[in-house]
Amino acid sequence: MSRPDFHIYSVQEACVLFAQHFNLAATAIRLPGERDLNFHMTCEDGTQFIFKIYAPGTDQDWLAAQDQVLDHIARIGGFPVPQLLLSKAGSTTTPITDDDGNRRLLRTLNWIDGTVWAKARESHDLDFAQIGTLLGRLDACMKEFDHPAAHRDFLWDIAQTSKHREFSDLIGDDDVRACVTDILDRFDHGIAEKLAKTPRQVIHNDANDYNLLVDGNLTINGLIDFGDFIETHRICNLAVALAYAMMDQPDPLACAVDIITAYHRVNPLGEDEVAILYDLIACRLAQSACMAAQQYAKEPDNDYLLISQAGVNDLLARMAKLNPAIAHYRFRDACGWEPCPGSRKVVNWLTVNADQIGPVIPQSMDASNLHIVDLNGLSLDPDGKLRPANIVTDAIFAAMDAANAEVGVGKYLENRKVYQGPFFETATRGEWRSLHLGIDLFVPDQTPLFAPLDGVVVVSNDNARDFDYGPIIILEHKTSCGLTFYTKYGHLSRTSLPVSPVGKTVRKGELVGYVGPYPENGNWAPHLHFQIMVDLVGMGADICGVAAASEANVWSSICPNPNLMLGMAIDCQDIVERAPAKITAERSRHLGPNLSISYKKPLKMVRGAGQYLYTDTGEKYLDMVNNVCHIGHSHPRVVAAAARQAAELNTNTRYLHDNIVNYANELVATFPDPLSVCFFVNSGSEANDLALRLAQAYSGRREMLIVDHAYHGNLTSLIDLSPYKFNRKGGKGCPDHVKICPMPDGFRGPIRSDDPECGRKYADLAIDQLRAFEAEGRPPAAFIAESVLGCGGQIFLPDGYLKHIYAAVRASGGLCIADEVQVGFGRVGSHMWGFELQDVVPDIVTLGKPIGNGHPLGAVITTREVANAFYNGMEYFNTFGGNPVSCAIGREVLHVIRDERLQANARIVGDHMMARLREIAARNPLIGEVRGAGLFIGIELVHNLETKEPATEKAGQIANMMKDRNILISTDGPMDNVIKIKPPITFDLDDANTFLGNFEECLALVTP
Ligand SMILES: Cc1ncc(COP(=O)(O)O)c(C=O)c1O
């Protein structure tokens, strides 16, 4: 490159200028830059900047426009983009005159300490979704921004792709030139027109892998260089980022999908934008190839230009081999839409017109004549290799004979291990096409096959590769309402091809061909592979019959379940299993975004037994979090009770059934009188909502007294009673009809547990709130409190607390509600119910979580008097509440607690835990307090016993370290510094010791 014709400032000169204009003493390091001079400045206090001395002729207005972009983004906040430093004179851009008399501009931005994405990805697995989230948020933020300078003609604008045609001839490599020409043609013949109809706004336009920085945790901490910003079509921003992100990726589409999913989640895309996205990515690559060729033509000695284009050329070549329709459908899937447009209409047509569809084979399709074939089991030898076709055939037909069935059925979406040749390998390293998109019907070879509907033969071919289809026929069907779809008949005999030549019209019921023998059928056991396709995606006879499991959504949309046409009354569709990361992505597409997931690296649990959970990789975890699977995960007696009753009858409470009365009798028998009336519901929230209705009906009032930091459920009525929600992120504060009593926290609150009057004094604070309501002339309907404050941080109520409050509330005409959703059912060891620790009897008790050991069940237990007050003529109907299956489960849970002596276990193991934890606490100042009863325990961590400064971070670190040791615990409390222990009450002494040993070690590791 020729030397610039203007003054090059030395680092010393840069420091002088910097000090002069920004009043900062700093050292400087020169950074690369094509024409502008860039210096990395480090000040004495360690702050760092990038100091730019622009080349003569730089447009000051253009820099001012960039300043406005950065200013706009900074105002919205939360974006990792550089901030501008104002000069002594208070401006972002400072003009100077250099030694050559040229006018130069100075500008300083804060320094972002990171590694460029392109470098980081050479040695790390990066989370590409971050790019999507960042760009999505940035585009959403820039929607409101505009600047006249952004409205410009710019060759790097994808909308200007056509202008690159004049350079495409300069591309030296024939293959690259051919790819680029093809892309330019596609752009000019449709894409440009479609792009013109998509939304416009100002975009960054250059989120390439050298403009993205990541920190030490591989999290994006910088998007730099706003010099390419432009007003154009919004989708171009994403296309540019994808073009660079996809380079060098083993599965470029999977990487794109991750980014698109994340983008769409924060800034929803339009279907029209996604339809052209794949082409726009290609356009960006084509632009890059053209620009480099033009540059090379000017500087033929600059080989670096060719080297830097290697990634572009490679991706161009790989994209040329990908199927654009599949790419489009994968992108649609990333947005949570129907992947193959029109598929649902075809499914609906086939569903509605089931009676119009004729049989495909002559054998009866009655369920009794069908046998599901265990293809993996029968086809593979002990080493997992495919057995010869004759042996597999004998095994399959013998299994069918044994089941007295004429037809063997191979399932739709079955994940098969029988596809082993290179033919089944995908572009993704390690992934094979294994997911079956058709249904196999194993019948003797030469079985005739019939068209189920009128159609035209569009494929009649011998796919003669080993393990391919052999002879295959595809019919095209058109419905009277204008839908088109296809049916495929694979693994036929060669004699079938002349029966169904391409172009032949076939009537419903007419012969299509015959089931083929091995080896001519591709060398498989004789069977028909029957498949429905809504779109042939340009693949003709090679349309996939098995797909990569990672593309299950796309391919099951292109190829709906063939049983829509076969009409077999059996379960012939397998469950698609996904890797944890795929499940996370899938959740983000189709589930509400407010659902949270535990742990940065989420766990996929596939099995539970007792107090243990097992992941998809077979790792065993000790579960100390789940107070729902109270008597142990998947307790066999509960499973059996559920299955038994579900197999017999499940209906609503308007019919008489033994279960509801047996269960109600046994449940109320665990309560003190006069609590004798049950209402069965489906969750803790429903129970609390009904408790509210009861209290309101009884008192004729609406006002409620609650305890601070409480959580009582997810219904609107209960968010109003839950400071844990209404006083935290997204909450609207305390509603007018609610007053909050302070938590009776004897460790941290104003009254300490060593005060003998602690309970009464906290009760008085609650009664103050009651009096405040009364003073306003609106005494409350009820006081509601958990019997032990769970979300409050495992706070045990001080002696006498409830007694005093209950007396005052009742004297004021209100009711007392005990929320036992977390602590009930013997967890506290010494008693069945937490309120019994306080020696009170509430008017209403609400039950949930453990009541059904995981089955959605809840209950409200109250007095006859309260129940009668609610009986005002309006029926209480609850569709599922109290159904025979739920009652069978609830009753079995009670029986197991009794038969396995689990309440005593909670007491014994809980006492052991408490004793040992107190010993550990005595040795470790990080533990502020240990509190608990039975298997409901809290360990509050503090940095300082005097100030009680919460050790929130340490609590989180310990929870994560314990997870790494296969022990699951959670944290809670207003400061999230309380380690919460509430395992299934089958948790035994060995588990306790395992926990205690590991906990003490982790404690030591986080203690300085
Ligand atoms: C104390 C308490 N009450 C009520 C509920 C609401 O129960 P569910 O989630 O079953 O609706 C919860 C749930 O966490 C709870 O902890």
# chains A, B, ... in the order shown; residues from 1 in each chain; ligands from 1
$ residues_near_ligand --ligand "ligand 1" --cutoff "7 Å" --atoms "only C-alpha atoms and all ligand atoms" --output "list in words"
Ser683, Gly684, Ser685, Glu686, Asn688, Tyr711, His712, Gly713, Asn714, Glu786, Gly790, Cys791, Asp819, Glu820, Val821, Gln822, Gly848 and Lys849 of chain A
$ residues_around --residues "Asp355 of chain A" --least-positions-apart "6" --cutoff "12 Å" --atoms "only C-alpha atoms" --output "list in words"
Trp349, Pro452, Leu453, Leu564, Met565, Leu566 and Gly567 of chain A
$ select_by_dssp --residues "segment 450-652 of chain A" --states "strand (DSSP E)" --output "short mmCIF file (atom, residue, chain, number, x, y, z; two decimals) with C-alpha atoms, in the first residue's frame"
data_model
loop_
_atom_site.label_atom_id
_atom_site.label_comp_id
_atom_site.auth_asym_id
_atom_site.auth_seq_id
_atom_site.Cartn_x
_atom_site.Cartn_y
_atom_site.Cartn_z
CA PHE A 450 -53.17 -48.90 -4.51
CA GLY A 455 -53.25 -38.50 -8.47
CA VAL A 456 -50.64 -38.10 -11.17
CA VAL A 457 -47.28 -39.91 -11.17
CA VAL A 458 -44.54 -37.28 -10.82
CA VAL A 459 -41.64 -39.58 -9.90
CA SER A 460 -41.05 -43.13 -11.14
CA ASN A 461 -37.45 -43.99 -10.57
CA ASP A 462 -35.06 -46.71 -9.48
CA ASN A 463 -33.02 -45.17 -6.64
CA GLY A 470 -34.76 -48.99 -4.93
CA PRO A 471 -37.80 -48.37 -7.15
CA ILE A 472 -39.86 -45.41 -5.94
CA ILE A 473 -43.07 -43.79 -7.11
CA ILE A 474 -44.44 -40.41 -6.06
CA LEU A 475 -48.00 -39.31 -6.80
CA GLU A 476 -49.14 -35.73 -6.84
CA HIS A 477 -52.64 -35.08 -5.45
CA LYS A 478 -54.69 -31.94 -5.90
CA THR A 484 -51.38 -29.89 -3.55
CA PHE A 485 -49.56 -32.67 -1.76
CA TYR A 486 -47.68 -35.84 -2.63
CA THR A 487 -47.57 -39.48 -1.51
CA LYS A 488 -44.45 -41.59 -1.76
CA TYR A 489 -44.24 -45.37 -2.26
CA GLY A 490 -40.70 -46.58 -1.64
CA THR A 505 -53.09 -40.25 -14.06
CA VAL A 506 -53.96 -42.76 -11.38
CA LEU A 511 -52.71 -50.25 -8.83
CA VAL A 512 -49.57 -48.16 -8.22
CA GLY A 513 -46.96 -50.94 -7.95
CA TYR A 514 -45.75 -53.81 -5.77
CA LEU A 528 -43.68 -50.26 1.81
CA HIS A 529 -42.31 -46.92 2.93
CA PHE A 530 -45.34 -44.68 2.74
CA GLN A 531 -44.88 -40.94 3.17
CA ILE A 532 -46.90 -37.76 2.69
CA MET A 533 -45.14 -34.64 1.44
CA VAL A 546 -35.26 -39.97 6.92
CA ALA A 547 -34.00 -36.67 8.27
CA ALA A 548 -31.58 -35.38 10.85
CA MET A 605 -34.00 -34.62 33.67
CA VAL A 606 -35.44 -37.79 32.23
CA ARG A 607 -36.17 -39.91 35.29
CA GLY A 608 -36.80 -39.58 38.98
CA ALA A 609 -36.84 -42.15 41.76
CA TYR A 612 -32.88 -38.68 43.11
CA LEU A 613 -33.16 -37.26 39.62
CA TYR A 614 -31.38 -38.63 36.55
CA THR A 615 -30.33 -36.63 33.49
CA LYS A 620 -27.69 -38.93 39.26
CA TYR A 621 -28.56 -35.85 41.34
CA LEU A 622 -29.66 -35.65 44.94
CA ASP A 623 -32.79 -33.50 44.85
#
$ closest_residue --among "A:Leu945, A:Ile220, A:Ala464, A:Leu656" --to "Asp127 of chain A" --atoms "only C-alpha atoms"
A:Ile220
$ residues_around --residues "Val841 of chain A" --least-positions-apart "6" --cutoff "12 Å" --atoms "only C-alpha atoms" --output "list of chain:residue names"
A:Phe671, A:Pro672, A:Asp673, A:Pro674, A:Leu675, A:Ser676, A:Ser787, A:Leu802, A:Lys803, A:Tyr806, A:Ala807, A:Arg810, A:Leu815, A:Cys816, A:Ile817, A:Ala818, A:Trp833, A:Gly834, A:Phe835, A:Ile861, A:Thr862, A:Thr863
$ select_by_dssp --residues "segment 493-596 of chain A" --states "alpha helix (DSSP H)" --output "PyMOL selection string"
chain A and resi 496-499+552-558+563-566+580-590
$ atom_distance --atom1 "atom CA of Asp258 of chain A" --atom2 "atom CA of Trp555 of chain A"
17.9 Å
$ residues_around --residues "Glu648 of chain A" --least-positions-apart "3" --cutoff "10 Å" --atoms "only C-alpha atoms" --output "JSON, numbers by chain"
{"A": [642, 643, 644, 645, 884, 885]}
$ residues_around --residues "Phe154 of chain A" --least-positions-apart "6" --cutoff "10 Å" --atoms "only C-alpha atoms" --output "PyMOL selection string"
chain A and resi 160+163+228-232
$ residues_around --residues "segment 932-937 of chain A" --least-positions-apart "4" --cutoff "7 Å" --atoms "only C-alpha atoms" --output "count of residues only"
14
